[in-house]
file entry-v1.txt (compact mmCIF, C-alpha atoms)
# COMPACT_ATOMS: atom_id res chain seq x y z
CA MET A 23 112.42 96.34 162.00
CA ALA A 24 110.52 93.05 162.06
CA THR A 25 111.30 91.90 158.51
CA GLU A 26 115.03 92.44 159.07
CA GLU A 27 115.13 90.01 161.95
CA ALA A 28 112.94 87.51 160.16
CA SER A 29 115.07 87.26 157.02
CA GLY A 30 118.23 86.84 159.06
CA GLY A 31 120.72 89.43 157.83
CA LEU A 32 119.49 89.76 154.26
CA SER A 33 117.39 92.88 154.62
CA ILE A 34 115.75 94.03 151.44
CA HIS A 35 113.24 96.82 151.76
CA PRO A 36 112.68 97.93 148.18
CA MET A 37 109.74 100.13 149.10
CA ASP A 38 111.33 101.98 152.03
CA GLN A 39 112.87 104.51 149.66
CA PHE A 40 109.40 105.75 148.78
CA ILE A 41 108.31 106.59 152.33
CA VAL A 42 107.33 110.20 152.84
CA LYS A 43 109.05 111.50 156.01
CA PRO A 44 108.94 114.88 157.72
CA LEU A 45 112.24 116.67 157.25
CA PHE A 46 112.58 118.02 160.77
CA GLY A 47 111.40 115.08 162.86
CA GLY A 48 107.93 114.44 164.17
CA ASP A 49 105.45 111.79 163.16
CA THR A 50 102.46 113.60 161.79
CA ILE A 51 102.39 114.74 158.21
CA HIS A 52 100.09 117.70 157.71
CA TRP A 53 99.52 119.13 154.26
CA TYR A 54 102.02 121.92 154.99
CA THR A 55 104.73 119.84 156.72
CA PRO A 56 108.12 120.17 154.98
CA THR A 57 108.94 116.57 154.03
CA ASN A 58 111.47 114.84 151.84
CA VAL A 59 108.96 115.50 149.07
CA THR A 60 109.48 119.21 149.68
CA LEU A 61 113.25 118.84 149.69
CA TRP A 62 113.51 116.93 146.41
CA MET A 63 110.94 119.06 144.63
CA ALA A 64 112.84 122.15 145.79
CA LEU A 65 116.03 120.63 144.39
CA ALA A 66 114.26 120.07 141.09
CA VAL A 67 113.27 123.75 141.10
CA VAL A 68 116.88 124.69 141.86
CA CYS A 69 118.07 122.56 138.94
CA VAL A 70 115.54 124.15 136.60
CA ILE A 71 116.66 127.61 137.70
CA LEU A 72 120.34 126.69 137.36
CA LEU A 73 119.87 125.37 133.84
CA MET A 74 117.28 127.71 132.39
CA VAL A 75 118.01 130.97 134.24
CA MET A 76 121.63 130.89 135.43
CA GLY A 77 122.77 128.96 132.36
CA THR A 78 121.31 131.52 129.97
CA ARG A 79 122.44 134.54 132.01
CA GLY A 80 125.07 135.45 129.42
CA ARG A 81 122.46 135.79 126.63
CA ALA A 82 125.38 135.04 124.34
CA VAL A 83 124.91 134.75 120.60
CA VAL A 84 127.62 132.10 120.75
CA PRO A 85 126.30 130.10 123.74
CA SER A 86 128.19 128.71 126.72
CA ARG A 87 127.82 125.01 127.50
CA ALA A 88 124.98 125.48 129.98
CA GLN A 89 123.22 127.91 127.67
CA SER A 90 123.40 125.57 124.72
CA VAL A 91 121.89 122.77 126.84
CA GLY A 92 119.10 125.12 127.89
CA GLU A 93 118.53 126.12 124.27
CA LEU A 94 118.57 122.47 123.26
CA VAL A 95 115.81 121.63 125.78
CA TYR A 96 113.85 124.69 124.69
CA GLY A 97 114.17 123.78 121.03
CA PHE A 98 113.34 120.13 121.69
CA VAL A 99 110.10 120.84 123.58
CA HIS A 100 109.13 123.78 121.37
CA LYS A 101 109.48 121.68 118.23
CA MET A 102 107.53 118.85 119.86
CA VAL A 103 104.64 121.16 120.80
CA GLU A 104 104.65 122.74 117.35
CA ASP A 105 104.84 119.45 115.47
CA VAL A 106 102.32 117.52 117.54
CA ALA A 107 99.83 120.12 118.77
CA GLY A 108 100.17 122.52 115.85
CA LYS A 109 100.86 126.24 115.61
CA ASP A 110 97.98 127.21 117.91
CA GLY A 111 99.32 124.82 120.55
CA VAL A 112 102.44 126.96 120.98
CA LYS A 113 100.74 129.24 123.48
CA PHE A 114 100.59 126.25 125.86
CA PHE A 115 104.34 125.82 125.48
CA PRO A 116 105.27 127.25 128.94
CA TYR A 117 102.90 124.78 130.67
CA ILE A 118 104.28 121.84 128.74
CA MET A 119 107.84 123.01 129.33
CA THR A 120 107.07 123.22 133.07
CA LEU A 121 105.84 119.62 133.11
CA PHE A 122 108.75 118.36 131.04
CA LEU A 123 111.46 120.03 133.11
CA PHE A 124 109.86 119.06 136.44
CA ILE A 125 109.51 115.39 135.46
CA LEU A 126 112.94 115.26 133.87
CA PHE A 127 114.71 116.69 136.91
CA ALA A 128 112.60 114.79 139.44
CA ASN A 129 113.41 111.54 137.61
CA THR A 130 117.13 112.20 137.27
CA LEU A 131 117.51 113.58 140.81
CA GLY A 132 115.78 110.43 142.02
CA LEU A 133 118.65 108.40 140.56
CA ILE A 134 121.10 109.92 143.03
CA PRO A 135 121.74 107.22 145.66
CA MET A 136 119.80 107.76 148.93
CA SER A 137 117.55 110.30 147.23
CA PHE A 138 113.78 110.40 147.13
CA THR A 139 111.95 110.19 143.83
CA THR A 140 108.90 112.44 143.83
CA THR A 141 107.63 111.17 140.46
CA SER A 142 107.42 107.60 141.80
CA HIS A 143 104.32 108.61 143.74
CA ILE A 144 100.96 108.20 142.11
CA ALA A 145 99.71 111.25 144.05
CA VAL A 146 102.18 113.46 142.19
CA THR A 147 101.72 112.01 138.71
CA ALA A 148 97.94 111.79 139.08
CA VAL A 149 97.70 115.48 139.95
CA MET A 150 99.70 116.35 136.83
CA ALA A 151 97.74 113.93 134.64
CA PHE A 152 94.38 115.20 135.88
CA ALA A 153 95.52 118.79 135.50
CA VAL A 154 96.34 117.99 131.86
CA PHE A 155 93.05 116.11 131.42
CA ILE A 156 90.90 118.91 132.86
CA THR A 157 92.80 121.64 131.01
CA VAL A 158 92.56 119.79 127.71
CA THR A 159 88.85 119.09 128.14
CA LEU A 160 88.10 122.71 129.03
CA VAL A 161 90.20 123.98 126.13
CA GLY A 162 88.38 121.60 123.81
CA PHE A 163 84.96 122.86 124.83
CA ILE A 164 85.98 126.53 124.89
CA LYS A 165 87.68 126.38 121.48
CA ASN A 166 85.17 124.19 119.64
CA GLY A 167 81.97 124.28 121.73
CA THR A 168 79.89 121.16 121.27
CA ALA A 169 81.87 120.38 118.10
CA PHE A 170 84.47 119.01 120.51
CA LEU A 171 82.17 115.99 120.95
CA SER A 172 82.88 115.04 117.32
CA LEU A 173 86.13 113.64 118.79
CA PHE A 174 83.97 110.68 119.90
CA TRP A 175 81.91 110.43 116.74
CA VAL A 176 84.18 108.80 114.18
CA SER A 177 82.72 110.13 110.94
CA SER A 178 85.03 108.03 108.77
CA ALA A 179 83.61 104.76 110.17
CA PRO A 180 80.45 103.06 108.78
CA LEU A 181 77.30 104.46 110.39
CA PRO A 182 76.25 101.33 112.36
CA LEU A 183 79.70 101.15 113.94
CA ARG A 184 79.73 104.75 115.09
CA PRO A 185 77.78 104.37 118.37
CA VAL A 186 79.99 101.44 119.39
CA LEU A 187 83.12 103.40 118.51
CA ALA A 188 81.73 106.40 120.38
CA ILE A 189 81.46 104.34 123.56
CA ILE A 190 84.99 102.99 123.09
CA GLU A 191 86.35 106.46 122.39
CA LEU A 192 84.56 107.85 125.44
CA ILE A 193 85.98 105.15 127.70
CA SER A 194 89.48 105.59 126.29
CA TYR A 195 89.17 109.34 126.77
CA PHE A 196 88.37 108.95 130.47
CA VAL A 197 91.06 106.31 130.97
CA ARG A 198 93.66 108.76 129.64
CA PRO A 199 94.54 110.45 132.96
CA VAL A 200 94.84 107.06 134.67
CA SER A 201 97.21 105.60 132.09
CA HIS A 202 98.99 108.93 131.81
CA SER A 203 99.80 108.99 135.54
CA VAL A 204 100.28 105.27 136.25
CA ARG A 205 102.72 104.93 133.34
CA LEU A 206 105.13 107.46 134.82
CA ALA A 207 104.81 106.48 138.49
CA GLY A 208 104.86 102.77 137.68
CA ALA A 209 107.94 102.91 135.48
CA ILE A 210 109.91 104.96 137.98
CA MET A 211 108.78 103.01 141.02
CA ALA A 212 109.46 99.62 139.43
CA GLY A 213 112.93 100.63 138.29
CA HIS A 214 113.90 101.97 141.69
CA ALA A 215 112.49 98.93 143.48
CA VAL A 216 114.43 96.58 141.21
CA MET A 217 117.60 98.54 141.87
CA LYS A 218 117.02 98.28 145.62
CA VAL A 219 116.52 94.51 145.32
CA PHE A 220 119.80 94.16 143.43
CA ALA A 221 121.48 96.36 146.02
CA GLY A 222 120.15 94.09 148.77
CA PHE A 223 121.61 91.02 147.10
CA ALA A 224 124.97 92.76 146.79
CA ALA A 225 125.40 92.08 150.54
CA VAL A 226 125.56 88.35 149.82
CA THR A 227 129.13 87.50 148.82
CA ALA A 228 128.25 84.70 146.40
CA VAL A 229 126.06 86.80 144.13
CA ALA A 230 127.66 90.18 144.81
CA PRO A 231 129.43 90.58 141.43
CA LEU A 232 126.25 89.62 139.59
CA ALA A 233 124.17 91.92 141.75
CA ILE A 234 126.51 94.88 141.30
CA GLY A 235 126.78 94.26 137.56
CA GLY A 236 123.01 94.05 137.36
CA MET A 237 122.71 97.26 139.34
CA VAL A 238 125.04 99.10 136.97
CA ALA A 239 123.08 97.85 133.98
CA ILE A 240 119.75 98.74 135.55
CA TYR A 241 121.10 102.16 136.52
CA GLY A 242 121.97 102.85 132.90
CA LEU A 243 118.53 101.67 131.86
CA GLU A 244 116.95 103.87 134.53
CA LEU A 245 118.76 106.93 133.21
CA LEU A 246 117.20 106.19 129.84
CA VAL A 247 113.80 105.60 131.44
CA ALA A 248 114.08 108.87 133.39
CA PHE A 249 114.38 110.78 130.13
CA ILE A 250 111.97 108.67 128.11
CA GLN A 251 109.21 108.89 130.72
CA ALA A 252 109.54 112.67 130.81
CA TYR A 253 109.40 112.68 127.01
CA VAL A 254 106.42 110.31 126.91
CA PHE A 255 104.45 112.31 129.47
CA THR A 256 105.13 115.50 127.54
CA ILE A 257 104.36 114.16 124.10
CA LEU A 258 101.11 112.59 125.33
CA THR A 259 100.17 115.98 126.76
CA CYS A 260 100.80 117.43 123.30
CA VAL A 261 98.71 114.71 121.66
CA TYR A 262 95.79 115.37 124.04
CA LEU A 263 96.15 119.08 123.37
CA LYS A 264 96.02 118.42 119.64
CA ASP A 265 92.78 116.48 120.12
CA ALA A 266 91.34 119.43 122.03
CA LEU A 267 92.41 121.99 119.42
CA HIS A 268 91.53 119.92 116.36
CA PRO A 269 88.92 117.34 117.45
CA HIS A 270 88.07 116.21 113.91
CA HIS A 271 89.65 112.91 112.99
CA MET B 12 108.10 105.51 162.53
CA ALA B 13 104.45 105.60 163.31
CA THR B 14 103.14 106.05 159.81
CA GLU B 15 105.30 103.30 158.44
CA THR B 16 104.41 100.68 161.05
CA GLU B 17 100.80 101.71 160.78
CA GLY B 18 100.96 101.37 156.99
CA SER B 19 102.65 97.97 157.05
CA ALA B 20 100.25 96.69 159.68
CA TYR B 21 97.37 97.89 157.56
CA GLY B 22 98.92 96.36 154.43
CA ALA B 23 99.47 92.99 156.11
CA ALA B 24 95.90 92.93 157.26
CA GLU B 25 94.49 94.01 153.93
CA ALA B 26 96.56 92.11 151.37
CA ALA B 27 99.89 90.34 151.57
CA SER B 28 100.72 91.22 147.95
CA ALA B 29 101.38 94.90 148.69
CA PRO B 30 102.89 95.15 152.14
CA GLY B 31 102.80 98.82 153.00
CA MET B 32 103.26 100.40 149.61
CA PRO B 33 104.09 104.01 150.53
CA GLN B 34 102.46 105.19 147.29
CA LEU B 35 99.07 104.14 148.70
CA ASP B 36 99.49 105.85 152.04
CA PHE B 37 96.71 108.36 151.50
CA GLY B 38 97.72 110.29 154.62
CA THR B 39 100.65 111.77 152.70
CA PHE B 40 98.61 112.80 149.65
CA PRO B 41 97.62 116.31 150.77
CA ASN B 42 101.25 117.00 151.64
CA GLN B 43 102.56 115.75 148.28
CA ILE B 44 99.87 117.52 146.29
CA PHE B 45 100.44 120.80 148.12
CA TRP B 46 104.20 120.77 147.52
CA LEU B 47 103.74 119.62 143.93
CA VAL B 48 101.43 122.55 143.21
CA VAL B 49 103.92 124.95 144.84
CA THR B 50 106.77 123.46 142.79
CA LEU B 51 104.91 123.58 139.49
CA VAL B 52 103.74 127.15 140.07
CA VAL B 53 107.29 128.26 140.91
CA ILE B 54 108.75 126.51 137.85
CA TYR B 55 105.98 127.93 135.66
CA PHE B 56 106.62 131.49 136.78
CA VAL B 57 110.39 131.17 136.51
CA LEU B 58 110.05 129.77 133.00
CA SER B 59 107.34 132.04 131.64
CA ARG B 60 108.68 135.25 133.21
CA VAL B 61 112.43 134.82 132.87
CA ALA B 62 113.83 131.78 131.13
CA LEU B 63 111.63 131.23 128.08
CA PRO B 64 111.45 134.87 126.87
CA ARG B 65 115.19 135.14 127.37
CA ILE B 66 115.97 132.00 125.37
CA ALA B 67 113.46 133.01 122.70
CA SER B 68 115.14 136.42 122.35
CA VAL B 69 118.60 134.84 122.24
CA LEU B 70 117.47 132.44 119.51
CA ALA B 71 115.85 135.25 117.54
CA GLU B 72 118.97 137.37 117.94
CA ARG B 73 121.15 134.51 116.75
CA GLN B 74 118.90 133.98 113.75
CA GLY B 75 119.12 137.70 112.98
CA THR B 76 122.90 137.71 113.34
CA ILE B 77 123.24 134.72 111.03
CA THR B 78 120.97 136.33 108.44
CA ASN B 79 122.88 139.61 108.65
CA ASP B 80 126.23 137.87 108.39
CA LEU B 81 125.10 135.93 105.35
CA ALA B 82 123.85 139.13 103.72
CA ALA B 83 127.15 140.88 104.53
CA ALA B 84 129.11 137.97 103.11
CA GLU B 85 127.02 138.10 99.93
CA GLU B 86 127.66 141.83 99.68
CA LEU B 87 131.40 141.40 100.18
CA LYS B 88 131.46 138.70 97.55
CA GLN B 89 129.70 141.06 95.15
CA LYS B 90 132.28 143.74 95.98
CA ALA B 91 135.12 141.34 95.32
CA VAL B 92 133.66 140.48 91.92
CA GLU B 93 133.32 144.18 91.14
CA ALA B 94 136.88 144.86 92.24
CA GLU B 95 138.11 142.07 90.01
CA GLU B 96 136.20 143.51 87.09
CA ALA B 97 137.63 146.97 87.78
CA TYR B 98 141.13 145.49 87.97
CA ASN B 99 140.69 143.68 84.67
CA LYS B 100 139.34 146.82 83.06
CA ALA B 101 142.25 148.89 84.38
CA LEU B 102 144.66 146.27 83.08
CA ALA B 103 143.07 146.33 79.63
CA ASP B 104 143.11 150.13 79.63
CA ALA B 105 146.77 150.25 80.60
CA ARG B 106 147.61 147.75 77.88
CA ALA B 107 145.76 149.81 75.26
CA GLU B 108 147.46 152.96 76.49
CA ALA B 109 150.88 151.31 76.23
CA HIS B 110 150.10 150.20 72.67
CA ARG B 111 149.03 153.70 71.79
CA ILE B 112 152.20 155.21 73.25
CA VAL B 113 154.39 152.73 71.41
CA ALA B 114 152.63 153.45 68.11
CA GLU B 115 152.93 157.18 68.68
CA ALA B 116 156.63 156.97 69.44
CA ARG B 117 157.15 154.80 66.41
CA ALA B 118 155.31 157.28 64.17
CA GLU B 119 157.32 160.19 65.64
CA ILE B 120 160.60 158.43 65.07
CA GLN B 121 159.52 157.52 61.56
CA ALA B 122 158.68 161.16 60.85
CA ASP B 123 162.03 162.33 62.24
CA LEU B 124 163.78 159.70 60.19
CA ASP B 125 161.94 160.70 57.03
CA ALA B 126 162.80 164.37 57.58
CA ALA B 127 166.46 163.56 58.17
CA THR B 128 166.54 161.37 55.05
CA ALA B 129 164.97 164.13 52.99
CA ARG B 130 167.44 166.64 54.34
CA ALA B 131 170.34 164.36 53.60
CA ASP B 132 169.01 163.68 50.07
CA GLU B 133 168.73 167.40 49.50
CA ALA B 134 172.25 168.02 50.71
CA ILE B 135 173.55 165.20 48.54
CA ALA B 136 171.70 166.57 45.49
CA GLU B 137 173.06 170.04 46.17
CA ARG B 138 176.62 168.80 46.47
CA THR B 139 176.23 166.65 43.36
CA ALA B 140 175.02 169.64 41.36
CA GLU B 141 177.87 171.75 42.62
CA SER B 142 180.39 169.06 41.78
CA GLU B 143 178.93 168.61 38.34
CA LYS B 144 179.14 172.33 37.76
CA ARG B 145 182.76 172.35 38.78
CA ILE B 146 183.52 169.33 36.63
CA ALA B 147 181.91 171.14 33.69
CA GLU B 148 183.96 174.22 34.45
CA ILE B 149 187.13 172.18 34.68
CA ARG B 150 186.23 170.39 31.46
CA GLU B 151 185.54 173.76 29.78
CA SER B 152 188.85 175.22 30.90
CA ALA B 153 190.68 172.04 29.90
CA LEU B 154 189.06 172.21 26.49
CA ASP B 155 190.15 175.86 26.17
CA GLY B 156 193.68 174.86 27.16
CA VAL B 157 193.65 172.01 24.63
CA ARG B 158 192.39 174.39 21.96
CA SER B 159 195.11 177.03 22.62
CA VAL B 160 197.83 174.35 22.91
CA ALA B 161 196.61 172.80 19.68
CA ASN B 162 196.58 176.23 18.03
CA ASP B 163 200.09 176.99 19.23
CA ILE B 164 201.37 173.57 18.23
CA ALA B 165 199.66 173.87 14.84
CA GLN B 166 201.20 177.35 14.23
CA ASP B 167 204.60 176.02 15.32
CA VAL B 168 204.15 172.99 13.07
CA VAL B 169 203.04 175.18 10.16
CA ALA B 170 205.88 177.67 10.83
CA ALA B 171 208.35 174.83 10.92
CA MET B 172 207.15 173.76 7.53
CA GLY B 173 207.93 177.34 6.34
CA VAL B 174 204.42 178.33 5.55
CA THR B 175 202.57 181.17 7.16
CA ALA B 176 199.21 179.97 8.02
CA ASP B 177 196.02 181.83 8.34
CA ASP B 178 194.92 181.94 11.94
CA ALA B 179 191.24 181.59 11.06
CA ALA B 180 191.88 178.58 8.86
CA LEU B 181 193.90 176.93 11.63
CA THR B 182 191.29 177.50 14.22
CA ALA B 183 188.59 176.13 11.96
CA ALA B 184 190.70 173.07 11.19
CA ILE B 185 191.36 172.42 14.88
CA GLU B 186 187.66 172.85 15.68
CA THR B 187 186.75 170.26 13.07
CA GLN B 188 189.42 167.91 14.42
CA LEU B 189 188.25 168.41 18.01
CA LYS B 190 184.68 167.68 17.11
CA GLY B 191 185.62 164.67 15.04
call {"tool": "encode", "arguments": {"input": "entry-v1.txt", "output": "structure tokens"}}
result
Amino acid sequence: MATEEASGGLSIHPMDQFIVKPLFGGDTIHWYTPTNVTLWMALAVVCVILLMVMGTRGRAVVPSRAQSVGELVYGFVHKMVEDVAGKDGVKFFPYIMTLFLFILFANTLGLIPMSFTTTSHIAVTAVMAFAVFITVTLVGFIKNGTAFLSLFWVSSAPLPLRPVLAIIELISYFVRPVSHSVRLAGAIMAGHAVMKVFAGFAAVTAVAPLAIGGMVAIYGLELLVAFIQAYVFTILTCVYLKDALHPHH
Amino acid sequence: MATETEGSAYGAAEAASAPGMPQLDFGTFPNQIFWLVVTLVVIYFVLSRVALPRIASVLAERQGTITNDLAAAEELKQKAVEAEEAYNKALADARAEAHRIVAEARAEIQADLDAATARADEAIAERTAESEKRIAEIRESALDGVRSVANDIAQDVVAAMGVTADDAALTAAIETQLKG
């Protein structure tokens, strides 16, 4: 590669890890081509099945280790949906659970060295964020009719301020899917890129201990970020759902 | 790779700040979106058809088991309290029964003792009476003996003095002497 020769031995390509490649050779990527995206998403599905289906196979009243982890995740997300979105939000629980488990496993699988992180791509997170946005908007209008628009009309504010606030609320409402998706993709991408940069510097003897120490620290941080970003994406979905179900401030 | 070189060439031409960011390679978007939708649909069906109902039923079952166990424990505790009460009652009953038996035995022995004492008193009284009767008899016979001896001695004394004495007068004199 050109940059490798130019930098003279120190080859840092922090963005190469995000390249989408066909799995079985070839150059063209059609919409159906099995790529590394396919592989790592399939692995996420396998992990979900291992934890939530194989782990709970015993249906034991006194759970095994895998089953208690599965129950823990179930209880965690279920409580979050119930607390944030309310009792009538519980029927959206399987959708929210799907998002949470996919993001969680995609993030953590992405931390395996040499792996590919599907959630670092804006295409992936934007699809999920827009799916949430469209679903929530439709639910809001179906549940409340035009009363859903009262979400933008802050009745507790003084009357002259209300039109201004309405415009701000409207803008913030439409910015939601953008922030929702960029937050996840950005956090994951930045973390992985930083790790790659540290890894590149590890080849230089003088700074190797510092680089490796930094990498270990960043790896720990990234594990935290992997979980927190899944949590944040999920809880924001719940918050948006709450707005759709109960639009009155 | 063609896409990569193409992307980096494009990036270098467009802006040096983002040299070939793979996230902005729109050629891969349909591929990513397609596989994402497949993945999410598969996870959704696995969760909603198998995993979530199973975990929900396990949790409900556990809750039921815990509730049942607590109720059973409460019941057993109640039983233990009842058993203790029954034990205490039985103990009190046994104690009362023992007291009653002791009192009964004591009364019986007392009655036997009283009867024996009465019998013994009776026998003693009988023997005393008999003895007294015999003493009286002996005293009577002794008195008779004394009287006849006195009579004989008096006659002998009178005869020795050379006087014939009247029997009746002698007897009367002796009687007066005996009484005096």
call {"tool": "interface_residues", "arguments": {"input": "entry-v1.txt", "of": "chain A", "to": "chain B", "cutoff": "9 Å", "atoms": "all atoms listed in the file", "output": "PyMOL selection string"}}
result
chain A and resi 37-43+49-57+59-60+63-64+66-67+70-71+74-76+78-79+81-84+89+92-93+96+116-117+119-121+123-124+140+142-146+149-150
call {"tool": "atom_distance", "arguments": {"input": "entry-v1.txt", "atom1": "CA of Leu192 in chain A", "atom2": "CA of Phe152 in chain A"}}
result
16.1 Å
call {"tool": "closest_residue", "arguments": {"input": "entry-v1.txt", "among": "A:Phe249, A:Phe174, A:Phe98, A:Phe115", "to": "Ala188 in chain A", "atoms": "only C-alpha atoms"}}
result
A:Phe174
call {"tool": "atom_distance", "arguments": {"input": "entry-v1.txt", "atom1": "CA of Ala176 in chain B", "atom2": "CA of Arg158 in chain B"}}
result
16.5 Å
call {"tool": "atom_distance", "arguments": {"input": "entry-v1.txt", "atom1": "CA of His202 in chain A", "atom2": "CA of Ala239 in chain A"}}
result
26.6 Å
call {"tool": "closest_residue", "arguments": {"input": "entry-v1.txt", "among": "A:Ala252, A:Leu45, A:Leu245, A:Leu263", "to": "Ala207 in chain A", "atoms": "all atoms listed in the file"}}
result
A:Ala252
call {"tool": "closest_residue", "arguments": {"input": "entry-v1.txt", "among": "B:Asp104, B:Asp178, B:Glu115, B:Glu96", "to": "Asp163 in chain B", "atoms": "only C-alpha atoms"}}
result
B:Asp178
call {"tool": "closest_residue", "arguments": {"input": "entry-v1.txt", "among": "A:Pro231, A:Ala248, A:Val95, A:Ser203", "to": "Ala153 in chain A", "atoms": "all atoms listed in the file"}}
result
A:Ser203
call {"tool": "residues_around", "arguments": {"input": "entry-v1.txt", "residues": "Met237 in chain A", "least_positions_apart": "2", "cutoff": "8 Å", "atoms": "all atoms listed in the file", "output": "ChimeraX atom specification"}}
result
/A:217,220-221,233-235,239-241
call {"tool": "closest_residue", "arguments": {"input": "entry-v1.txt", "among": "A:Ala209, A:Leu243, A:Val176, A:Val91", "to": "Thr139 in chain A", "atoms": "all atoms listed in the file"}}
result
A:Ala209
